[in-house]
file query_25.cif (mmCIF, C-alpha atoms)
data_query
#
loop_
_atom_site.label_atom_id
_atom_site.label_comp_id
_atom_site.auth_asym_id
_atom_site.auth_seq_id
_atom_site.Cartn_x
_atom_site.Cartn_y
_atom_site.Cartn_z
CA MET A 1 93.59 -11.65 27.14
CA THR A 2 91.63 -14.54 28.73
CA LEU A 3 89.96 -12.10 31.11
CA ALA A 4 88.94 -9.83 28.23
CA ILE A 5 87.48 -12.78 26.30
CA PHE A 6 85.58 -13.91 29.40
CA LEU A 7 84.12 -10.43 29.91
CA VAL A 8 83.23 -9.97 26.24
CA VAL A 9 81.44 -13.34 26.22
CA PHE A 10 79.65 -12.35 29.45
CA ALA A 11 78.58 -9.04 27.88
CA VAL A 12 77.32 -10.69 24.68
CA ILE A 13 75.32 -13.28 26.65
CA ALA A 14 73.91 -10.52 28.88
CA LEU A 15 72.85 -8.49 25.84
CA LEU A 16 71.21 -11.53 24.22
CA VAL A 17 69.34 -12.29 27.45
CA ILE A 18 68.10 -8.70 27.73
CA LEU A 19 66.94 -8.60 24.10
CA SER A 20 65.25 -12.02 24.17
CA VAL A 21 63.49 -11.30 27.47
CA SER A 22 62.36 -7.91 26.10
CA ARG A 23 60.99 -9.63 23.00
CA SER A 24 59.18 -12.28 25.02
CA LEU A 25 57.68 -9.59 27.25
CA ARG A 26 56.10 -7.98 24.18
CA GLN A 27 54.43 -11.13 22.88
CA ARG A 28 53.94 -13.41 25.85
CA ASP A 29 50.14 -13.11 26.16
CA ALA A 30 49.76 -14.59 22.68
CA ASP A 31 51.41 -17.91 23.60
CA LEU A 32 49.99 -18.31 27.08
CA PRO A 33 49.46 -22.02 27.86
CA GLY A 34 46.26 -23.32 29.47
CA ILE A 35 45.88 -24.35 33.08
CA GLU A 36 46.75 -28.00 33.73
CA VAL A 37 44.85 -30.10 36.21
CA ILE A 38 46.75 -31.06 39.36
CA ASP A 39 45.68 -33.87 41.63
CA VAL A 40 46.38 -32.22 44.97
CA GLU A 41 45.57 -35.42 46.87
CA ALA A 42 48.08 -37.51 44.94
CA PHE A 43 50.68 -34.80 45.39
CA ARG A 44 49.93 -34.60 49.10
CA ASN A 45 50.54 -38.36 49.39
CA LEU A 46 53.81 -38.09 47.54
CA VAL A 47 55.22 -35.55 49.98
CA ASN A 48 53.59 -36.84 53.13
CA PRO A 49 56.32 -37.20 55.81
CA ALA A 50 54.38 -40.03 57.52
CA GLU A 51 54.34 -41.99 54.28
CA ASN A 52 58.07 -41.39 53.84
CA GLU A 53 58.66 -42.58 57.38
CA TYR A 54 56.56 -45.71 56.79
CA LEU A 55 58.49 -46.56 53.61
CA HIS A 56 61.77 -45.89 55.40
CA ARG A 57 60.85 -48.42 58.11
CA ARG A 58 59.45 -51.10 55.78
CA LEU A 59 61.94 -51.10 52.91
CA PRO A 60 65.63 -52.01 52.79
CA ALA A 61 67.84 -48.92 52.57
CA ALA A 62 68.75 -49.32 48.87
CA GLU A 63 65.16 -50.07 47.89
CA PHE A 64 63.91 -47.08 49.92
CA ARG A 65 66.30 -44.72 48.15
CA ARG A 66 65.17 -46.01 44.74
CA VAL A 67 61.46 -45.72 45.59
CA GLN A 68 61.94 -42.35 47.26
CA ARG A 69 63.74 -40.98 44.18
CA GLU A 70 60.85 -42.11 41.98
CA ARG A 71 58.36 -40.42 44.32
CA LEU A 72 60.42 -37.24 44.41
CA ARG A 73 60.64 -37.12 40.60
CA ALA A 74 56.85 -37.41 40.44
CA ALA A 75 56.52 -34.65 43.07
CA ALA A 76 58.90 -32.47 41.04
CA ALA A 77 56.69 -32.95 37.97
CA TYR A 78 53.68 -31.79 40.02
CA MET A 79 55.69 -28.79 41.22
CA ARG A 80 56.57 -27.78 37.68
CA VAL A 81 52.91 -27.95 36.64
CA ALA A 82 51.88 -25.94 39.72
CA GLY A 83 54.51 -23.33 38.86
CA ARG A 84 53.29 -23.12 35.25
CA ASN A 85 49.70 -22.79 36.43
CA ALA A 86 50.74 -20.00 38.76
CA THR A 87 52.37 -18.19 35.82
CA VAL A 88 49.18 -18.47 33.77
CA LEU A 89 47.15 -17.13 36.68
CA VAL A 90 49.56 -14.20 37.12
CA ALA A 91 48.88 -13.27 33.49
CA ILE A 92 45.12 -13.68 33.92
CA GLY A 93 45.16 -11.61 37.10
CA GLN A 94 47.28 -8.88 35.55
CA ALA A 95 44.96 -8.62 32.57
CA ALA A 96 42.02 -8.27 34.94
CA LEU A 97 43.79 -5.65 37.10
CA ALA A 98 42.91 -2.91 34.64
CA ALA A 99 39.19 -3.64 34.93
CA GLY A 100 37.03 -0.65 35.81
CA ASP A 101 35.12 -2.60 38.44
CA GLU A 102 36.83 -2.19 41.81
CA LYS A 103 35.80 -5.60 43.17
CA THR A 104 37.20 -7.38 40.12
CA ALA A 105 40.43 -5.39 40.34
CA GLU A 106 40.78 -6.28 44.04
CA ALA A 107 40.13 -9.97 43.32
CA ALA A 108 42.68 -9.81 40.50
CA ARG A 109 45.23 -8.26 42.86
CA GLN A 110 44.68 -11.07 45.35
CA LEU A 111 45.00 -13.68 42.61
CA VAL A 112 48.25 -12.19 41.31
CA ASP A 113 49.69 -12.01 44.82
CA SER A 114 48.76 -15.61 45.65
CA ALA A 115 49.97 -16.87 42.28
CA LEU A 116 53.32 -15.11 42.70
CA LEU A 117 53.68 -16.57 46.18
CA LEU A 118 52.96 -20.03 44.80
CA ARG A 119 55.44 -19.51 41.97
CA ARG A 120 58.09 -18.52 44.50
CA ASN A 121 57.29 -21.45 46.78
CA THR A 122 57.28 -23.99 43.94
CA THR A 123 60.75 -22.76 42.98
CA PHE A 124 62.06 -23.21 46.51
CA VAL A 125 60.40 -26.61 46.91
CA LEU A 126 61.73 -27.75 43.53
CA MET A 127 65.22 -26.90 44.75
CA ARG A 128 64.63 -28.92 47.90
CA ILE A 129 63.19 -31.82 45.93
CA ASN A 130 66.23 -31.86 43.66
CA LEU A 131 68.42 -31.84 46.75
CA ALA A 132 66.37 -34.68 48.20
CA ILE A 133 66.73 -36.68 44.97
CA ALA A 134 70.47 -36.55 45.58
CA TRP A 135 69.99 -37.42 49.30
CA PRO A 136 66.65 -39.25 49.47
CA THR A 137 66.63 -39.45 53.27
CA LEU A 138 66.23 -35.66 53.55
CA GLY A 139 62.63 -35.52 52.29
CA PRO A 140 61.16 -32.23 51.03
CA SER A 141 58.75 -29.99 52.89
CA ALA A 142 55.83 -29.07 50.68
CA ALA A 143 53.66 -27.34 53.28
CA PRO A 144 54.13 -23.79 51.89
CA VAL A 145 53.19 -24.99 48.41
CA LEU A 146 50.07 -26.79 49.55
CA SER A 147 48.83 -23.81 51.55
CA GLY A 148 49.72 -21.53 48.62
CA TYR A 149 47.73 -23.72 46.29
CA GLU A 150 44.69 -23.52 48.54
CA ARG A 151 44.95 -19.72 48.71
CA LEU A 152 45.34 -19.57 44.96
CA ASN A 153 42.26 -21.69 44.42
CA HIS A 154 40.25 -19.27 46.51
CA SER A 155 41.55 -16.22 44.64
CA ALA A 156 40.99 -17.80 41.22
CA MET A 157 37.43 -18.75 42.14
CA LEU A 158 36.71 -15.25 43.41
CA LEU A 159 38.01 -13.61 40.26
CA GLY A 160 36.17 -16.11 38.05
CA ARG A 161 32.93 -15.42 39.88
CA LEU A 162 33.33 -11.65 39.51
CA GLN A 163 34.25 -11.91 35.84
CA ASN A 164 31.58 -14.40 34.90
CA PRO A 165 28.68 -14.49 37.37
CA ALA A 166 26.66 -16.75 35.04
CA VAL A 167 28.90 -19.71 35.77
CA PRO A 168 27.76 -21.58 38.89
CA VAL A 169 30.51 -21.46 41.51
CA ARG A 170 29.93 -24.06 44.16
CA ILE A 171 32.28 -22.58 46.73
CA ALA A 172 29.65 -19.98 47.53
CA SER A 173 27.11 -22.55 48.63
CA LEU A 174 29.66 -24.34 50.77
CA SER A 175 30.72 -21.36 52.83
CA MET B 1 85.31 9.28 8.60
CA LEU B 2 86.09 6.86 11.43
CA GLN B 3 88.76 9.13 12.88
CA ALA B 4 88.93 11.07 16.11
CA HIS B 5 87.42 14.57 15.83
CA SER B 6 85.79 13.84 12.49
CA PHE B 7 82.25 15.13 11.95
CA LEU B 8 80.76 11.73 12.88
CA TRP B 9 82.92 11.62 16.02
CA ASN B 10 81.76 15.05 17.14
CA TYR B 11 78.15 14.26 16.27
CA LEU B 12 78.15 10.97 18.23
CA TRP B 13 79.79 12.61 21.22
CA VAL B 14 77.54 15.67 21.41
CA ALA B 15 74.18 14.83 19.78
CA PRO B 16 72.99 12.02 22.08
CA ASN B 17 73.74 14.19 25.09
CA LEU B 18 71.86 17.15 23.63
CA PHE B 19 68.93 14.85 22.83
CA LEU B 20 69.01 13.49 26.37
CA LEU B 21 69.11 17.01 27.79
CA LEU B 22 66.11 18.02 25.65
CA LEU B 23 64.30 14.85 26.71
CA SER B 24 65.00 15.76 30.35
CA VAL B 25 63.50 19.24 29.89
CA PHE B 26 60.46 17.71 28.18
CA LEU B 27 60.03 15.11 30.96
CA TRP B 28 60.57 17.72 33.68
CA LYS B 29 57.73 19.82 32.24
CA ARG B 30 55.46 16.75 32.27
CA GLY B 31 56.09 16.16 35.99
CA PHE B 32 58.37 13.18 35.45
CA VAL B 33 60.48 14.27 38.41
CA ARG B 34 57.85 12.84 40.76
CA VAL B 35 57.87 9.46 39.00
CA PHE B 36 61.55 8.88 38.22
CA PRO B 37 63.66 11.50 40.05
CA GLY B 38 66.75 9.28 39.81
CA PHE B 39 66.51 8.85 36.06
CA LEU B 40 65.91 12.54 35.51
CA ALA B 41 68.96 13.40 37.64
CA PHE B 42 71.00 10.83 35.70
CA ALA B 43 69.81 12.18 32.33
CA ILE B 44 70.62 15.79 33.20
CA LEU B 45 73.92 15.27 35.02
CA SER B 46 75.37 12.61 32.73
CA SER B 47 74.59 14.61 29.58
CA LEU B 48 76.08 17.76 31.13
CA GLY B 49 79.12 15.72 32.22
CA GLU B 50 79.66 14.37 28.70
CA ILE B 51 79.29 17.83 27.16
CA ALA B 52 81.82 19.14 29.70
CA ALA B 53 84.19 16.29 28.73
CA PHE B 54 83.76 17.16 25.05
CA LEU B 55 84.56 20.82 25.74
CA ALA B 56 87.57 19.82 27.82
CA ASP B 57 88.74 17.72 24.87
CA ILE B 58 88.51 20.45 22.24
CA ILE B 59 89.59 23.50 24.27
CA PRO B 60 93.40 23.70 23.82
CA SER B 61 94.03 25.35 27.19
CA VAL B 62 92.73 22.31 29.09
CA SER B 63 95.66 20.06 30.04
CA PRO B 64 95.43 16.25 29.61
CA ASP B 65 95.45 15.86 33.41
CA ASN B 66 92.50 18.20 33.78
CA PHE B 67 90.68 16.44 30.94
CA TRP B 68 90.98 13.13 32.81
CA ARG B 69 89.87 14.80 36.06
CA VAL B 70 86.71 15.90 34.27
CA ILE B 71 86.23 12.33 32.97
CA TRP B 72 86.74 10.93 36.48
CA ALA B 73 84.25 13.30 38.08
CA GLY B 74 81.63 12.57 35.39
CA LEU B 75 82.23 8.84 35.72
CA LEU B 76 81.75 8.84 39.49
CA VAL B 77 78.51 10.85 39.38
CA GLU B 78 77.13 8.89 36.42
CA SER B 79 77.94 5.50 37.99
CA LEU B 80 76.28 6.42 41.26
CA LEU B 81 73.17 7.70 39.51
CA LYS B 82 72.90 4.60 37.31
CA PHE B 83 72.63 2.43 40.40
CA VAL B 84 70.00 4.81 41.79
CA VAL B 85 68.05 4.37 38.52
CA ILE B 86 68.29 0.57 38.76
CA GLY B 87 67.00 0.74 42.35
CA GLU B 88 64.19 3.01 41.22
CA ILE B 89 63.10 0.57 38.49
CA PHE B 90 63.35 -2.34 40.88
CA SER B 91 61.04 -0.75 43.44
CA ARG B 92 58.63 0.37 40.71
CA VAL B 93 58.38 -3.10 39.16
CA PHE B 94 58.24 -5.11 42.38
CA ARG B 95 56.48 -2.81 44.87
CA PRO B 96 52.98 -3.73 43.60
CA TYR B 97 53.67 -7.39 44.45
CA PRO B 98 54.31 -7.67 48.21
CA SER B 99 54.48 -11.47 48.06
CA ILE B 100 57.75 -11.42 46.11
CA ALA B 101 59.07 -7.91 46.78
CA ARG B 102 61.00 -9.04 49.86
CA THR B 103 62.42 -12.14 48.18
CA GLY B 104 63.36 -10.00 45.19
CA GLY B 105 65.04 -7.43 47.43
CA THR B 106 67.05 -10.10 49.25
CA LEU B 107 68.08 -11.81 46.02
CA VAL B 108 69.06 -8.61 44.24
CA SER B 109 71.13 -7.50 47.26
CA GLY B 110 72.87 -10.87 47.44
CA PHE B 111 73.50 -10.90 43.72
CA GLY B 112 74.77 -7.32 43.90
CA VAL B 113 77.32 -8.30 46.56
CA LEU B 114 78.49 -11.21 44.39
CA LEU B 115 78.85 -8.89 41.40
CA VAL B 116 80.89 -6.41 43.45
CA LEU B 117 83.20 -9.25 44.53
CA LEU B 118 83.49 -10.52 40.96
CA ALA B 119 84.18 -7.02 39.64
CA ALA B 120 86.84 -6.48 42.34
CA ILE B 121 88.56 -9.76 41.45
CA VAL B 122 88.45 -8.94 37.73
CA ALA B 123 89.85 -5.46 38.42
CA GLY B 124 92.63 -7.02 40.54
CA LEU B 125 93.57 -9.38 37.71
CA ALA B 126 93.55 -6.68 35.01
CA LYS B 127 96.94 -5.55 33.69
CA GLY B 128 95.95 -1.93 33.11
CA ASP B 129 96.31 -0.34 29.71
CA SER B 130 98.27 2.82 30.45
CA VAL B 131 101.31 3.90 32.40
CA VAL B 132 99.44 7.07 33.34
CA HIS B 133 97.72 6.15 36.59
CA ILE B 134 94.66 8.38 36.21
CA VAL B 135 93.91 6.94 32.74
CA ALA B 136 94.38 3.27 33.67
CA THR B 137 92.25 3.58 36.82
CA ALA B 138 89.47 5.38 34.93
CA HIS B 139 89.31 2.48 32.46
CA LEU B 140 89.30 -0.06 35.27
CA LEU B 141 86.55 1.83 37.05
CA GLU B 142 84.49 1.83 33.82
CA GLN B 143 84.93 -1.94 33.55
CA THR B 144 84.02 -2.49 37.22
CA VAL B 145 80.89 -0.34 37.04
CA PHE B 146 79.67 -2.00 33.85
CA ILE B 147 80.17 -5.53 35.25
CA ILE B 148 77.93 -4.69 38.23
CA GLU B 149 75.44 -2.67 36.20
CA SER B 150 74.91 -5.20 33.40
CA GLY B 151 74.72 -8.06 35.91
CA LEU B 152 72.02 -6.29 37.92
CA ILE B 153 70.04 -5.39 34.81
CA VAL B 154 70.13 -8.98 33.51
CA PHE B 155 69.06 -10.19 36.95
CA LEU B 156 66.07 -7.81 37.00
CA PHE B 157 64.97 -8.85 33.51
CA LEU B 158 65.26 -12.56 34.32
CA PHE B 159 63.55 -12.25 37.69
CA ALA B 160 60.61 -10.32 36.23
CA ALA B 161 60.36 -12.74 33.29
CA TYR B 162 60.44 -15.76 35.60
CA PHE B 163 57.49 -14.42 37.58
CA HIS B 164 55.76 -13.18 34.43
CA LEU B 165 55.48 -9.66 35.86
CA SER B 166 54.13 -6.92 33.67
CA TRP B 167 56.30 -3.83 33.21
CA ASP B 168 55.07 -0.34 32.70
CA ARG B 169 56.34 1.25 29.48
CA LEU B 170 58.57 3.79 31.24
CA SER B 171 60.43 1.32 33.48
CA PHE B 172 60.86 -1.11 30.60
CA GLY B 173 62.21 1.56 28.25
CA ILE B 174 64.65 2.97 30.79
CA LEU B 175 66.05 -0.44 31.72
CA LEU B 176 66.23 -1.62 28.10
CA GLY B 177 68.26 1.43 27.05
CA LEU B 178 70.51 1.13 30.09
CA GLY B 179 70.94 -2.62 29.46
CA ILE B 180 71.94 -2.25 25.79
CA SER B 181 74.39 0.50 26.62
CA SER B 182 75.94 -1.25 29.64
CA CYS B 183 76.51 -4.59 27.88
CA GLU B 184 78.20 -2.96 24.89
CA HIS B 185 80.32 -0.74 27.16
CA LEU B 186 81.33 -3.72 29.31
CA ALA B 187 82.65 -5.59 26.26
CA THR B 188 84.61 -2.61 24.96
CA TRP B 189 86.06 -1.51 28.33
CA ALA B 190 87.09 -5.11 28.99
CA ILE B 191 89.08 -5.01 25.74
CA ILE B 192 90.61 -1.59 26.52
CA ALA B 193 91.47 -2.35 30.16
CA ASN B 194 92.92 -5.82 29.53
CA ILE B 195 94.36 -5.99 26.01
CA SER B 196 95.82 -2.48 25.53
CA PRO B 197 94.78 -2.19 21.87
CA SER B 198 96.39 0.13 19.30
CA GLU B 199 95.32 3.77 18.92
CA HIS B 200 93.34 2.95 15.78
CA VAL B 201 91.38 0.19 17.55
CA ARG B 202 90.77 2.51 20.50
CA THR B 203 89.27 5.08 18.14
CA LEU B 204 87.00 2.44 16.59
CA ILE B 205 85.95 1.32 20.08
CA ALA B 206 85.17 4.92 21.01
CA PHE B 207 82.91 5.14 17.94
CA LEU B 208 81.19 1.91 18.96
CA ASN B 209 80.66 3.19 22.53
CA MET B 210 79.22 6.48 21.36
CA ALA B 211 76.97 4.76 18.81
CA ALA B 212 75.65 2.35 21.48
CA TYR B 213 74.94 5.27 23.80
CA HIS B 214 73.13 7.02 20.95
CA VAL B 215 70.96 3.90 20.48
CA ALA B 216 70.20 3.91 24.23
CA VAL B 217 69.17 7.57 24.09
CA LEU B 218 66.89 6.86 21.12
CA VAL B 219 65.33 3.97 23.06
CA TRP B 220 64.68 6.35 25.99
CA ILE B 221 63.18 8.95 23.67
CA TYR B 222 60.91 6.33 22.07
CA TYR B 223 59.65 4.93 25.36
CA LEU B 224 59.50 8.10 27.45
CA ALA B 225 58.49 10.83 25.03
CA PHE B 226 55.89 8.89 23.05
CA PRO B 227 52.99 7.49 25.03
CA GLY B 228 52.17 3.86 24.31
CA LYS B 229 48.81 2.25 23.81
CA PRO B 230 46.66 2.14 26.96
CA PRO B 231 46.98 -1.11 28.91
CA LYS B 232 44.75 -3.96 27.83
CA GLY B 233 41.27 -3.75 29.35
CA LYS B 234 41.65 -0.11 30.40
CA PRO B 235 38.69 1.83 29.03
CA PRO B 236 39.21 5.11 27.17
CA LYS B 237 37.93 8.20 28.96
CA GLY B 238 34.17 8.52 28.90
CA LYS B 239 33.56 4.95 27.72
CA PRO B 240 32.25 2.10 29.87
CA PRO B 241 34.91 -0.38 31.05
CA LYS B 242 35.53 -3.25 28.67
CA GLU B 243 35.89 -6.82 29.84
CA PRO B 244 39.44 -8.09 30.39
CA THR B 245 41.01 -9.66 27.31
CA ILE B 246 42.04 -12.86 29.12
CA ARG B 247 39.24 -14.57 30.95
CA LEU B 248 39.36 -17.52 33.27
CA PRO B 249 37.90 -20.30 31.08
CA GLU B 250 34.81 -22.04 32.40
CA THR B 251 36.41 -25.48 32.13
CA ASP B 252 39.33 -24.30 34.25
CA LEU B 253 36.93 -22.79 36.73
CA ALA B 254 35.31 -26.19 37.14
CA VAL B 255 38.72 -27.73 37.78
CA TRP B 256 39.55 -25.14 40.39
CA ASN B 257 36.12 -25.59 41.94
CA ARG B 258 36.63 -29.33 42.24
CA GLU B 259 40.01 -28.86 43.87
CA VAL B 260 38.66 -26.30 46.32
CA GLU B 261 35.79 -28.60 47.28
CA ARG B 262 38.21 -31.45 47.83
CA LEU B 263 40.42 -29.31 50.06
CA LEU B 264 37.42 -27.89 51.94
CA HIS B 265 36.16 -31.38 52.79
CA GLN B 266 39.46 -32.55 54.24
#
call {"tool": "encode", "arguments": {"input": "query_25.cif", "output": "C-alpha cells"}}
result
Amino acid sequence: MTLAIFLVVFAVIALLVILSVSRSLRQRDADLPGIEVIDVEAFRNLVNPAENEYLHRRLPAAEFRRVQRERLRAAAAYMRVAGRNATVLVAIGQAALAAGDEKTAEAARQLVDSALLLRRNTTFVLMRINLAIAWPTLGPSAAPVLSGYERLNHSAMLLGRLQNPAVPVRIASLS
Amino acid sequence: MLQAHSFLWNYLWVAPNLFLLLLSVFLWKRGFVRVFPGFLAFAILSSLGEIAAFLADIIPSVSPDNFWRVIWAGLLVESLLKFVVIGEIFSRVFRPYPSIARTGGTLVSGFGVLLVLLAAIVAGLAKGDSVVHIVATAHLLEQTVFIIESGLIVFLFLFAAYFHLSWDRLSFGILLGLGISSCEHLATWAIIANISPSEHVRTLIAFLNMAAYHVAVLVWIYYLAFPGKPPKGKPPKGKPPKEPTIRLPETDLAVWNREVERLLHQ
C-alpha cells in the first residue's frame, strides 16, 4: 500500500513537472529578464586563492571561517547572476539562429554554445561554493567560470556587432 | 458504459491504435522515417501489438495463456522502442549544443542507472497482484518500465528547461505525449501491482489507461501531422530575412563592452 502511494505521488509530481515545463516552454520569451551587470573584478577577488590564503594566515580560525562564509555567499550571488545572464543570452542567441545572414547565425551559434557552457560551469561552481560554505577551508575553484565569462563576452559582442552595426563596439579597435 | 467490452471500451482500445497507424502511414509518406525512425517503428509496432491483443481478447479460441503471451510480447517490444524514442529525442535536442551534449549524456546515463536500480527495488518489494505468474510478472514489468520511462522524460524536460534550450515541434510533441501517457500508466500500474484492487476497479483503471493513451495519440497527431508556425525570425520563402525578434539591447552591449575591455587590459 505504502509503495503504491509513493509511486502514485511520484507519477503525479512527474506529470505536473512535465505539464508546467511544457507551459513555460511555450511562453518563456515573453517573460525574459534583462541582463544584469556583473563586476568581474570584484568576483575575481572574492574567489582568488591567494586572497583566501592571506586571510587564512592572518585571521584566527573561527574568524576566518566566518569571513570566508560571507565571501562565499557573495560569490554565490555573483554565480547566480552569471547563470541568469547566460540563460538570457541563450534565448537571445537562439532567436538570432534563424537569421538569414550566415555570419549572424554563426555568431549566434557561438554565443549559445558559450552561454550554455557558462550556465553549466556556474551550476558546478555553485555546488562547490555551497560545499565550501559548509567547509570554508576547501575554497572553490572559479577558473572555468571566469574563462567562460570571457568567452561569452566575446560571443555577445560579436553577435551584437553583426545585429546592430550602427552601435560603436570598442573591442574592434582594441584588437 | 464503464464496463469491459462495452462500446466505449472497444473504441478506446482500438481507435487510438488505428489513429496511430494512420498517422504512421502519413508520416512515412512525408519521409519521417529519416527524421525519427525510432518513433515511427514504435508507432507502427505498438499499435499493431495492441490490435493483436484486442483480437486475442475477443476471439474465443485464444486461450488466456496465449492472450497473456501476446501481451508479454507486445510489452517487451513496446518498452524497448520507447527507450529508443527517448534516446532519439535526447540526441535531437542536445546534439546542436556540443558544450552540454556530453554533460547531458553523462547525467542522463547516470540517472538512468539510478532509475533502473530504483525500479528493481520497487519490483522486489511489490507483493504481486495475481497467483498466475505470467499475469503478475506482466504487471510488474509494466510498473518497472513506466518508472524508468517517466523518470527519464522528466529528467529531459527539466534539463532542457534549466538550460533554456529550444525544442523543435516534433521532439516536443513526441515527448509530451509519451510523458503524459507514462505518468498516468505508472500511477495505475503501481495500484494494480501493489494493491490488488477489485475487478470493478481494475476495469475503471483500464478505461483510464486507454483514455490517457488516446490523449497521447491525439497529442502526437496535433504536433506531428499539423505543421506549426515557422520559427521566429525565419523568413517565408521568397521574402527577405527579417531581423531577429530579440535583440541585444544597446545598453547591455555597453556593459559587455566595458567588461571585455577590463578583461583585455588585465
call {"tool": "resolve_selection", "arguments": {"input": "query_25.cif", "expression": "the PyMOL selection byres ((chain A and resi 43) around 10)", "output": "PDB file with C-alpha atoms, keeping the file's coordinate frame"}}
result
ATOM      1  CA  ILE A  38      46.750 -31.060  39.360  1.00  0.00           C
ATOM      2  CA  ASP A  39      45.680 -33.870  41.630  1.00  0.00           C
ATOM      3  CA  VAL A  40      46.380 -32.220  44.970  1.00  0.00           C
ATOM      4  CA  GLU A  41      45.570 -35.420  46.870  1.00  0.00           C
ATOM      5  CA  ALA A  42      48.080 -37.510  44.940  1.00  0.00           C
ATOM      6  CA  ARG A  44      49.930 -34.600  49.100  1.00  0.00           C
ATOM      7  CA  ASN A  45      50.540 -38.360  49.390  1.00  0.00           C
ATOM      8  CA  LEU A  46      53.810 -38.090  47.540  1.00  0.00           C
ATOM      9  CA  VAL A  47      55.220 -35.550  49.980  1.00  0.00           C
ATOM     10  CA  ASN A  48      53.590 -36.840  53.130  1.00  0.00           C
ATOM     11  CA  ARG A  71      58.360 -40.420  44.320  1.00  0.00           C
ATOM     12  CA  ALA A  74      56.850 -37.410  40.440  1.00  0.00           C
ATOM     13  CA  ALA A  75      56.520 -34.650  43.070  1.00  0.00           C
ATOM     14  CA  ALA A  76      58.900 -32.470  41.040  1.00  0.00           C
ATOM     15  CA  ALA A  77      56.690 -32.950  37.970  1.00  0.00           C
ATOM     16  CA  TYR A  78      53.680 -31.790  40.020  1.00  0.00           C
ATOM     17  CA  MET A  79      55.690 -28.790  41.220  1.00  0.00           C
ATOM     18  CA  ALA A 142      55.830 -29.070  50.680  1.00  0.00           C
ATOM     19  CA  LEU A 146      50.070 -26.790  49.550  1.00  0.00           C
TER      20      LEU A 146
END
call {"tool": "resolve_selection", "arguments": {"input": "query_25.cif", "expression": "the PyMOL selection byres ((chain B and resi 127-131) around 12)", "output": "MDAnalysis selection string"}}
result
(chainID A and resid 1:4) or (chainID B and resid 122:126 132:141 143 189:199 202)
call {"tool": "atom_distance", "arguments": {"input": "query_25.cif", "atom1": "atom CA of Ser22 of chain A", "atom2": "atom CA of Glu184 of chain B"}}
result
16.6 Å
call {"tool": "resolve_selection", "arguments": {"input": "query_25.cif", "expression": "the PyMOL selection byres ((chain B and resi 187) around 10)", "output": "number ranges by chain"}}
result
A: 4-12; B: 143, 146-147, 182-186, 188-192, 205, 209
call {"tool": "atom_distance", "arguments": {"input": "query_25.cif", "atom1": "atom CA of His5 of chain B", "atom2": "atom CA of Phe42 of chain B"}}
result
26.0 Å
call {"tool": "atom_distance", "arguments": {"input": "query_25.cif", "atom1": "atom CA of Leu20 of chain B", "atom2": "atom CA of Leu218 of chain B"}}
result
8.7 Å
call {"tool": "closest_residue", "arguments": {"input": "query_25.cif", "among": "B:Ser46, B:Thr144, B:Ser150, B:Ser166", "to": "Tyr97 of chain B", "atoms": "only C-alpha atoms"}}
result
B:Ser166
call {"tool": "residues_near_point", "arguments": {"input": "query_25.cif", "point": "(41.9, -7.5, 41.6)", "cutoff": "9 Å", "atoms": "all atoms listed in the file", "output": "PyMOL selection string"}}
result
chain A and resi 93-94+96-99+101-112+159
call {"tool": "closest_residue", "arguments": {"input": "query_25.cif", "among": "B:Ile58, B:Leu2, B:Ala52, B:Ala101", "to": "chain A", "atoms": "all atoms listed in the file"}}
result
B:Ala101
